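**Student:** Sending over query-v5.csv (CSV, C-alpha atoms).
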```csv
chain,number,residue,atom,x,y,z
A,272,MET,CA,30.6,-64.8,89.1
A,273,LYS,CA,33.7,-65.4,91.2
A,274,GLU,CA,35.6,-63.3,88.6
A,275,ALA,CA,33.0,-60.6,88.9
A,276,LEU,CA,33.3,-60.5,92.7
A,277,PHE,CA,37.1,-60.1,92.5
A,278,GLU,CA,36.7,-57.4,89.9
A,279,ILE,CA,34.4,-55.4,92.0
A,280,THR,CA,36.7,-55.8,95.0
A,281,SER,CA,39.9,-55.0,93.1
A,282,LYS,CA,38.5,-51.7,91.6
A,283,ARG,CA,37.1,-50.6,95.0
A,284,LEU,CA,34.1,-49.0,93.3
A,285,GLY,CA,31.3,-51.4,94.4
A,286,VAL,CA,30.4,-52.1,90.7
A,287,THR,CA,31.7,-53.8,87.6
A,288,GLY,CA,30.6,-53.6,84.0
A,289,VAL,CA,29.6,-56.7,82.1
A,290,VAL,CA,30.6,-56.7,78.5
A,291,ASP,CA,30.0,-59.1,75.6
A,292,ASP,CA,32.7,-60.8,73.6
A,293,LYS,CA,33.0,-57.7,71.4
A,294,GLY,CA,33.6,-55.5,74.4
A,295,PHE,CA,30.1,-53.9,74.2
A,296,MET,CA,28.5,-53.2,77.5
A,297,THR,CA,25.5,-55.5,78.3
A,298,GLY,CA,25.0,-54.5,82.0
A,299,ALA,CA,26.6,-53.9,85.4
A,300,ILE,CA,26.8,-55.7,88.7
A,301,THR,CA,26.8,-53.6,91.8
A,302,ASP,CA,27.1,-54.7,95.5
A,303,GLY,CA,23.4,-54.0,95.7
A,304,ASP,CA,22.6,-56.4,92.9
A,305,LEU,CA,24.6,-59.1,94.8
A,306,ARG,CA,22.7,-58.4,98.0
A,307,ARG,CA,19.3,-58.5,96.3
A,308,ALA,CA,20.2,-61.8,94.6
A,309,MET,CA,21.2,-63.2,97.9
A,310,GLU,CA,17.9,-62.2,99.5
A,311,LYS,CA,16.1,-64.1,96.8
A,312,GLY,CA,18.1,-67.2,97.7
A,313,ILE,CA,20.1,-67.2,94.5
A,314,ASP,CA,23.4,-69.1,94.6
A,315,ILE,CA,25.6,-66.3,93.3
A,316,LEU,CA,28.8,-68.3,92.7
A,317,GLN,CA,26.8,-70.7,90.5
A,318,SER,CA,25.1,-67.9,88.6
A,319,LYS,CA,26.0,-66.3,85.3
A,320,ALA,CA,26.8,-62.5,85.4
A,321,SER,CA,23.8,-62.0,83.0
A,322,ASP,CA,21.5,-63.5,85.7
A,323,ILE,CA,22.5,-61.0,88.3
A,324,MET,CA,23.3,-57.9,86.4
A,325,THR,CA,21.3,-54.7,86.0
A,326,ARG,CA,20.7,-54.4,82.3
A,327,ASN,CA,20.6,-50.6,81.9
A,328,PRO,CA,23.1,-49.1,84.3
A,329,LYS,CA,23.3,-45.3,84.4
A,330,LYS,CA,25.8,-43.8,82.0
A,331,ILE,CA,27.3,-40.6,80.7
A,332,THR,CA,29.2,-40.1,77.5
A,333,VAL,CA,32.9,-39.6,77.5
A,334,ASP,CA,32.5,-35.9,76.4
A,335,ALA,CA,29.8,-35.1,79.1
A,336,LEU,CA,30.4,-32.3,81.5
A,337,ALA,CA,31.2,-33.2,85.1
A,338,ALA,CA,28.2,-31.2,86.2
A,339,GLU,CA,26.0,-33.5,84.2
A,340,ALA,CA,27.5,-36.5,85.9
A,341,LEU,CA,26.8,-34.9,89.3
A,342,GLN,CA,23.2,-34.1,88.4
A,343,LYS,CA,22.6,-37.7,87.2
A,344,MET,CA,24.0,-39.1,90.5
A,345,GLU,CA,21.9,-36.8,92.6
A,346,GLN,CA,18.8,-37.5,90.5
A,347,HIS,CA,19.1,-41.2,90.9
A,348,SER,CA,20.8,-41.2,94.4
A,349,ILE,CA,23.7,-43.2,93.1
A,350,THR,CA,27.4,-42.8,93.5
A,351,SER,CA,28.9,-44.0,90.3
A,352,LEU,CA,28.3,-43.8,86.5
A,353,PHE,CA,29.8,-45.6,83.6
A,354,VAL,CA,31.5,-43.4,81.1
A,355,MET,CA,30.8,-44.5,77.6
A,356,ASP,CA,32.7,-44.1,74.4
A,357,GLY,CA,30.0,-45.1,72.0
A,358,GLU,CA,29.0,-48.6,73.0
A,359,LYS,CA,32.3,-49.3,74.8
A,360,VAL,CA,33.0,-48.5,78.5
A,361,ALA,CA,35.7,-45.9,78.8
A,362,GLY,CA,35.6,-45.9,82.6
A,363,VAL,CA,33.7,-45.3,85.8
A,364,VAL,CA,33.3,-41.9,87.5
A,365,HIS,CA,32.5,-42.0,91.2
A,366,LEU,CA,31.0,-39.2,93.3
A,367,HIS,CA,34.2,-38.9,95.2
A,368,ASP,CA,36.1,-38.2,91.9
A,369,LEU,CA,33.8,-35.2,91.4
A,370,LEU,CA,34.4,-34.0,94.9
A,371,LYS,CA,38.1,-34.4,94.5
A,372,ALA,CA,38.0,-32.5,91.2
A,373,GLY,CA,36.1,-29.6,92.9
A,374,VAL,CA,33.1,-30.0,90.7
A,375,VAL,CA,30.7,-29.9,93.7
C,161,MET,CA,21.7,-62.6,108.4
C,162,LYS,CA,18.5,-62.7,106.3
C,163,GLU,CA,17.1,-59.9,108.6
C,164,ALA,CA,20.3,-57.9,108.0
C,165,LEU,CA,19.9,-58.2,104.2
C,166,PHE,CA,16.4,-57.0,104.3
C,167,GLU,CA,17.3,-54.1,106.6
C,168,ILE,CA,20.1,-53.0,104.3
C,169,THR,CA,17.7,-53.1,101.3
C,170,SER,CA,14.8,-51.4,103.1
C,171,LYS,CA,16.9,-48.4,104.2
C,172,ARG,CA,18.5,-48.1,100.7
C,173,LEU,CA,21.8,-47.1,102.2
C,174,GLY,CA,23.9,-50.1,101.5
C,175,VAL,CA,24.7,-50.5,105.2
C,176,THR,CA,23.1,-51.5,108.4
C,177,GLY,CA,24.3,-51.1,112.0
C,178,VAL,CA,24.6,-54.1,114.3
C,179,VAL,CA,23.6,-53.4,117.9
C,180,ASP,CA,23.7,-55.6,121.1
C,181,ASP,CA,20.6,-56.2,123.2
C,182,LYS,CA,21.1,-52.9,125.0
C,183,GLY,CA,21.0,-51.0,121.7
C,184,PHE,CA,24.8,-50.3,121.8
C,185,MET,CA,26.5,-50.4,118.5
C,186,THR,CA,28.9,-53.4,118.0
C,187,GLY,CA,29.5,-53.0,114.3
C,188,ALA,CA,28.1,-52.5,110.8
C,189,ILE,CA,27.4,-54.6,107.7
C,190,THR,CA,27.9,-53.0,104.3
C,191,ASP,CA,27.2,-54.4,100.9
C,192,GLY,CA,31.0,-54.6,100.6
C,193,ASP,CA,31.3,-56.8,103.7
C,194,LEU,CA,28.7,-59.1,102.2
C,195,ARG,CA,30.7,-59.3,98.9
C,196,ARG,CA,34.0,-60.0,100.6
C,197,ALA,CA,32.4,-62.7,102.7
C,198,MET,CA,31.0,-64.3,99.6
C,199,GLU,CA,34.4,-64.2,98.0
C,200,LYS,CA,35.8,-66.1,100.9
C,201,GLY,CA,33.1,-68.8,100.3
C,202,ILE,CA,31.2,-68.0,103.5
C,203,ASP,CA,27.6,-69.1,103.6
C,204,ILE,CA,26.1,-65.7,104.5
C,205,LEU,CA,22.6,-66.8,105.3
C,206,GLN,CA,23.9,-69.3,107.8
C,207,SER,CA,26.3,-66.8,109.4
C,208,LYS,CA,25.8,-64.5,112.4
C,209,ALA,CA,25.9,-60.8,111.9
C,210,SER,CA,29.0,-60.6,114.2
C,211,ASP,CA,30.9,-62.9,111.8
C,212,ILE,CA,30.3,-60.6,108.8
C,213,MET,CA,30.3,-57.2,110.3
C,214,THR,CA,33.0,-54.5,110.4
C,215,ARG,CA,33.8,-53.9,114.0
C,216,ASN,CA,34.7,-50.2,113.9
C,217,PRO,CA,32.5,-48.5,111.3
C,218,LYS,CA,33.2,-44.8,110.7
C,219,LYS,CA,31.1,-42.5,112.9
C,220,ILE,CA,30.5,-38.9,113.8
C,221,THR,CA,28.8,-37.6,116.9
C,222,VAL,CA,25.3,-36.2,116.7
C,223,ASP,CA,26.6,-32.6,117.3
C,224,ALA,CA,29.3,-32.8,114.6
C,225,LEU,CA,29.3,-30.2,111.9
C,226,ALA,CA,28.3,-31.4,108.4
C,227,ALA,CA,31.6,-30.2,107.1
C,228,GLU,CA,33.3,-32.7,109.5
C,229,ALA,CA,31.1,-35.5,108.1
C,230,LEU,CA,32.1,-34.6,104.5
C,231,GLN,CA,35.8,-34.4,105.4
C,232,LYS,CA,35.6,-37.9,107.0
C,233,MET,CA,33.9,-39.4,103.9
C,234,GLU,CA,36.4,-37.9,101.6
C,235,GLN,CA,39.3,-39.0,103.7
C,236,HIS,CA,38.1,-42.6,103.8
C,237,SER,CA,36.5,-42.7,100.4
C,238,ILE,CA,33.2,-43.8,101.9
C,239,THR,CA,29.7,-42.5,101.3
C,240,SER,CA,27.9,-43.0,104.7
C,241,LEU,CA,28.7,-42.5,108.4
C,242,PHE,CA,26.9,-43.5,111.5
C,243,VAL,CA,25.7,-40.6,113.7
C,244,MET,CA,26.2,-41.5,117.3
C,245,ASP,CA,24.5,-40.2,120.4
C,246,GLY,CA,26.9,-41.5,123.0
C,247,GLU,CA,27.1,-45.3,122.4
C,248,LYS,CA,23.7,-45.4,120.6
C,249,VAL,CA,23.1,-45.0,116.9
C,250,ALA,CA,21.0,-41.9,116.2
C,251,GLY,CA,21.1,-42.3,112.4
C,252,VAL,CA,23.1,-42.6,109.2
C,253,VAL,CA,24.2,-39.7,107.1
C,254,HIS,CA,24.9,-40.3,103.4
C,255,LEU,CA,27.0,-38.2,101.1
C,256,HIS,CA,23.9,-37.5,99.1
C,257,ASP,CA,22.3,-36.0,102.2
C,258,LEU,CA,25.2,-33.6,102.4
C,259,LEU,CA,24.8,-32.7,98.7
C,260,LYS,CA,21.1,-32.1,99.1
C,261,ALA,CA,21.7,-29.9,102.2
C,262,GLY,CA,24.2,-27.8,100.1
C,263,VAL,CA,27.1,-28.6,102.4
C,264,VAL,CA,29.4,-29.4,99.5
```
Could the structure of this file be written out as structure tokens, please?
**Tutor:**
Amino acid sequence: MKEALFEITSKRLGVTGVVDDKGFMTGAITDGDLRRAMEKGIDILQSKASDIMTRNPKKITVDALAAEALQKMEQHSITSLFVMDGEKVAGVVHLHDLLKAGVV
Amino acid sequence: MKEALFEITSKRLGVTGVVDDKGFMTGAITDGDLRRAMEKGIDILQSKASDIMTRNPKKITVDALAAEALQKMEQHSITSLFVMDGEKVAGVVHLHDLLKAGVV
């Protein structure tokens, strides 16, 4: 989990994807997941990523329109989405990316 | 700090303000502050809010225009701002609030 914490910090998105050994996405860990685990008294640094992660993070496909990304973020009151190329993570799009691109 | 964790979760904003006994704001604790403290090996539940908090969270005044709030969020790549009535916290505005209000 220490690796996951540094990954979230280094990407500055408040989230990291969790992939299996084939690179397929199995879940995601957000700052909120960390907080909720802490509330439950879970020792995060001694946990496995799979114990903490959200199993079905919100996603869009790599060919989705930006407007679709925005709609999904608004609908779920979230600020980032994984961008999927099939079962593999191609990237993360943040609400600020959409603002900067003038989508909103 | 347990109280702070529950407060952040209950408000669903990923942040809570920290006020002194007169209700004046002394700082804020975000999910990111919690993560960074964890990375440093700090025992969060045994810490005081003042050890974890950011001392100068981003703010706007209660009479600020929504466009100003949006500009500040974009400039600092953040998604929420404290709304201040003098030295007291009047509320928190989230980027999703601005989207819903049609500001963007």
**Student:** What residues in chain C have any atom no more than 8 Å from chain A when counting all atoms listed in the file, and can you write them as a list in words?
**Tutor:** Lys162, Leu165, Phe166, Thr169, Gly174, Asp191, Gly192, Leu194, Arg195, Arg196, Glu199, Glu234, Ser237, His256, Leu259 and Val264 of chain C
**Student:** Once chain C is fitted onto chain A by least squares over all its in-order Cα atoms, send the moved chain as a PDB file with C-alpha atoms, in the coordinates of the input.
**Tutor:**
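Contents of out05.pdb, as written:
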```pdb
ATOM      1  CA  MET C 161      30.525 -64.830  89.100  1.00  0.00           C
ATOM      2  CA  LYS C 162      33.651 -65.391  91.238  1.00  0.00           C
ATOM      3  CA  GLU C 163      35.614 -63.291  88.625  1.00  0.00           C
ATOM      4  CA  ALA C 164      32.961 -60.558  88.928  1.00  0.00           C
ATOM      5  CA  LEU C 165      33.341 -60.465  92.741  1.00  0.00           C
ATOM      6  CA  PHE C 166      37.020 -60.113  92.538  1.00  0.00           C
ATOM      7  CA  GLU C 167      36.766 -57.394  89.882  1.00  0.00           C
ATOM      8  CA  ILE C 168      34.325 -55.409  91.990  1.00  0.00           C
ATOM      9  CA  THR C 169      36.686 -55.677  95.010  1.00  0.00           C
ATOM     10  CA  SER C 170      39.867 -54.917  93.051  1.00  0.00           C
ATOM     11  CA  LYS C 171      38.486 -51.680  91.557  1.00  0.00           C
ATOM     12  CA  ARG C 172      37.050 -50.591  94.970  1.00  0.00           C
ATOM     13  CA  LEU C 173      34.040 -49.063  93.313  1.00  0.00           C
ATOM     14  CA  GLY C 174      31.326 -51.397  94.355  1.00  0.00           C
ATOM     15  CA  VAL C 175      30.398 -52.063  90.723  1.00  0.00           C
ATOM     16  CA  THR C 176      31.680 -53.791  87.695  1.00  0.00           C
ATOM     17  CA  GLY C 177      30.546 -53.581  84.058  1.00  0.00           C
ATOM     18  CA  VAL C 178      29.538 -56.697  82.147  1.00  0.00           C
ATOM     19  CA  VAL C 179      30.614 -56.696  78.501  1.00  0.00           C
ATOM     20  CA  ASP C 180      29.968 -59.198  75.600  1.00  0.00           C
ATOM     21  CA  ASP C 181      32.818 -60.743  73.632  1.00  0.00           C
ATOM     22  CA  LYS C 182      33.052 -57.666  71.428  1.00  0.00           C
ATOM     23  CA  GLY C 183      33.632 -55.442  74.466  1.00  0.00           C
ATOM     24  CA  PHE C 184      30.088 -53.916  74.229  1.00  0.00           C
ATOM     25  CA  MET C 185      28.461 -53.215  77.492  1.00  0.00           C
ATOM     26  CA  THR C 186      25.452 -55.506  78.331  1.00  0.00           C
ATOM     27  CA  GLY C 187      25.016 -54.522  81.944  1.00  0.00           C
ATOM     28  CA  ALA C 188      26.547 -53.921  85.372  1.00  0.00           C
ATOM     29  CA  ILE C 189      26.800 -55.722  88.720  1.00  0.00           C
ATOM     30  CA  THR C 190      26.729 -53.639  91.886  1.00  0.00           C
ATOM     31  CA  ASP C 191      27.146 -54.726  95.443  1.00  0.00           C
ATOM     32  CA  GLY C 192      23.405 -54.019  95.716  1.00  0.00           C
ATOM     33  CA  ASP C 193      22.565 -56.463  92.911  1.00  0.00           C
ATOM     34  CA  LEU C 194      24.599 -59.087  94.721  1.00  0.00           C
ATOM     35  CA  ARG C 195      22.657 -58.415  97.993  1.00  0.00           C
ATOM     36  CA  ARG C 196      19.258 -58.554  96.350  1.00  0.00           C
ATOM     37  CA  ALA C 197      20.171 -61.787  94.625  1.00  0.00           C
ATOM     38  CA  MET C 198      21.220 -63.264  97.919  1.00  0.00           C
ATOM     39  CA  GLU C 199      17.956 -62.196  99.449  1.00  0.00           C
ATOM     40  CA  LYS C 200      16.117 -64.075  96.791  1.00  0.00           C
ATOM     41  CA  GLY C 201      18.143 -67.221  97.759  1.00  0.00           C
ATOM     42  CA  ILE C 202      20.125 -67.278  94.510  1.00  0.00           C
ATOM     43  CA  ASP C 203      23.380 -69.170  94.596  1.00  0.00           C
ATOM     44  CA  ILE C 204      25.598 -66.339  93.298  1.00  0.00           C
ATOM     45  CA  LEU C 205      28.744 -68.296  92.688  1.00  0.00           C
ATOM     46  CA  GLN C 206      26.872 -70.727  90.503  1.00  0.00           C
ATOM     47  CA  SER C 207      25.077 -67.967  88.571  1.00  0.00           C
ATOM     48  CA  LYS C 208      26.039 -66.233  85.315  1.00  0.00           C
ATOM     49  CA  ALA C 209      26.789 -62.574  85.347  1.00  0.00           C
ATOM     50  CA  SER C 210      23.780 -61.964  82.999  1.00  0.00           C
ATOM     51  CA  ASP C 211      21.445 -63.455  85.642  1.00  0.00           C
ATOM     52  CA  ILE C 212      22.598 -60.996  88.339  1.00  0.00           C
ATOM     53  CA  MET C 213      23.346 -57.899  86.426  1.00  0.00           C
ATOM     54  CA  THR C 214      21.328 -54.690  85.954  1.00  0.00           C
ATOM     55  CA  ARG C 215      20.629 -54.378  82.297  1.00  0.00           C
ATOM     56  CA  ASN C 216      20.593 -50.587  81.922  1.00  0.00           C
ATOM     57  CA  PRO C 217      23.162 -49.121  84.318  1.00  0.00           C
ATOM     58  CA  LYS C 218      23.329 -45.313  84.442  1.00  0.00           C
ATOM     59  CA  LYS C 219      25.861 -43.843  82.000  1.00  0.00           C
ATOM     60  CA  ILE C 220      27.248 -40.614  80.666  1.00  0.00           C
ATOM     61  CA  THR C 221      29.150 -40.130  77.450  1.00  0.00           C
ATOM     62  CA  VAL C 222      32.879 -39.548  77.520  1.00  0.00           C
ATOM     63  CA  ASP C 223      32.421 -35.850  76.458  1.00  0.00           C
ATOM     64  CA  ALA C 224      29.788 -35.094  79.126  1.00  0.00           C
ATOM     65  CA  LEU C 225      30.420 -32.246  81.480  1.00  0.00           C
ATOM     66  CA  ALA C 226      31.176 -33.196  85.115  1.00  0.00           C
ATOM     67  CA  ALA C 227      28.254 -31.126  86.211  1.00  0.00           C
ATOM     68  CA  GLU C 228      25.995 -33.454  84.120  1.00  0.00           C
ATOM     69  CA  ALA C 229      27.524 -36.483  85.888  1.00  0.00           C
ATOM     70  CA  LEU C 230      26.810 -34.938  89.334  1.00  0.00           C
ATOM     71  CA  GLN C 231      23.238 -34.017  88.367  1.00  0.00           C
ATOM     72  CA  LYS C 232      22.614 -37.643  87.219  1.00  0.00           C
ATOM     73  CA  MET C 233      23.977 -39.091  90.505  1.00  0.00           C
ATOM     74  CA  GLU C 234      21.919 -36.788  92.566  1.00  0.00           C
ATOM     75  CA  GLN C 235      18.813 -37.454  90.581  1.00  0.00           C
ATOM     76  CA  HIS C 236      19.163 -41.216  90.948  1.00  0.00           C
ATOM     77  CA  SER C 237      20.751 -41.252  94.355  1.00  0.00           C
ATOM     78  CA  ILE C 238      23.692 -43.250  93.048  1.00  0.00           C
ATOM     79  CA  THR C 239      27.405 -42.715  93.527  1.00  0.00           C
ATOM     80  CA  SER C 240      28.991 -44.030  90.240  1.00  0.00           C
ATOM     81  CA  LEU C 241      28.268 -43.826  86.496  1.00  0.00           C
ATOM     82  CA  PHE C 242      29.746 -45.587  83.570  1.00  0.00           C
ATOM     83  CA  VAL C 243      31.538 -43.333  81.041  1.00  0.00           C
ATOM     84  CA  MET C 244      30.791 -44.537  77.575  1.00  0.00           C
ATOM     85  CA  ASP C 245      32.693 -44.054  74.360  1.00  0.00           C
ATOM     86  CA  GLY C 246      30.021 -45.089  71.911  1.00  0.00           C
ATOM     87  CA  GLU C 247      28.974 -48.639  72.978  1.00  0.00           C
ATOM     88  CA  LYS C 248      32.290 -49.283  74.822  1.00  0.00           C
ATOM     89  CA  VAL C 249      33.022 -48.572  78.450  1.00  0.00           C
ATOM     90  CA  ALA C 250      35.781 -45.967  78.785  1.00  0.00           C
ATOM     91  CA  GLY C 251      35.652 -45.857  82.604  1.00  0.00           C
ATOM     92  CA  VAL C 252      33.686 -45.294  85.790  1.00  0.00           C
ATOM     93  CA  VAL C 253      33.306 -41.981  87.496  1.00  0.00           C
ATOM     94  CA  HIS C 254      32.545 -41.941  91.232  1.00  0.00           C
ATOM     95  CA  LEU C 255      31.012 -39.149  93.224  1.00  0.00           C
ATOM     96  CA  HIS C 256      34.221 -38.927  95.162  1.00  0.00           C
ATOM     97  CA  ASP C 257      36.071 -38.228  91.920  1.00  0.00           C
ATOM     98  CA  LEU C 258      33.789 -35.277  91.384  1.00  0.00           C
ATOM     99  CA  LEU C 259      34.440 -34.037  94.947  1.00  0.00           C
ATOM    100  CA  LYS C 260      38.173 -34.347  94.525  1.00  0.00           C
ATOM    101  CA  ALA C 261      38.039 -32.472  91.166  1.00  0.00           C
ATOM    102  CA  GLY C 262      36.114 -29.615  92.954  1.00  0.00           C
ATOM    103  CA  VAL C 263      33.073 -30.016  90.734  1.00  0.00           C
ATOM    104  CA  VAL C 264      30.696 -29.905  93.680  1.00  0.00           C
TER     105      VAL C 264
END
```
**Student:** Atom CA of C:His254 and atom CA of C:Ser240 are how many Å apart?
**Tutor:** 4.2 Å
**Student:** Name the residues in contact with A:Val364 at a cut-off of 7 Å, using all atoms listed in the file, excluding same-chain residues fewer than 6 positions from it; report them as a count of residues only.
**Tutor:** 4
**Student:** Name the residues in contact with A:Thr332 at a cut-off of 10 Å, using all atoms listed in the file, excluding same-chain residues fewer than 5 positions from it; report them as a list in words.
**Tutor:**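 Skipping anything fewer than 5 positions along the chain leaves Glu339, Ala340, Leu352, Phe353, Val354, Met355, Asp356, Gly357, Glu358, Val360 and Ala361 of chain A.
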**Student:** Which protein, DNA or RNA residues are at most 8 Å from (30.1, -48.2, 119.5) in the file's coordinates when you count all atoms listed in the file, listed as a list in words?
**Tutor:** Phe184, Met185, Thr186, Gly187, Asn216, Glu247 and Lys248 of chain C
**Student:** Could you tell me how far atom CA of C:Thr176 lies from atom CA of A:Lys329, in Å and to one decimal?
**Tutor:**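 It comes out at 24.8 Å.
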**Student:** Between A:Ala337, A:Val363, A:Ala320, A:Ala372, which has the minimum distance to A:Val286 (counting only C-alpha atoms)?
**Tutor:**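 Nearest candidate to A:Val286 out of A:Ala337, A:Val363, A:Ala320, A:Ala372: A:Val363.
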**Student:** Could you check which of C:Ile202, C:Ile220, C:Met213, C:Leu258 is closest to C:Gly177, using all atoms listed in the file?
**Tutor:** C:Met213
**Student:** Rounded to one decimal, what separation in Å do you get between atom CA of A:Lys330 and atom CA of A:Lys282?
**Tutor:** 17.8 Å
**Student:** Rank A:Gly362, A:Ser281, A:Gln317, A:Asp322 by their smallest atom-to-atom distance to A:Ile300, using all atoms listed in the file, and report the top residue only.
**Tutor:**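 Answer, going by the shortest atom-to-atom distance: A:Asp322.
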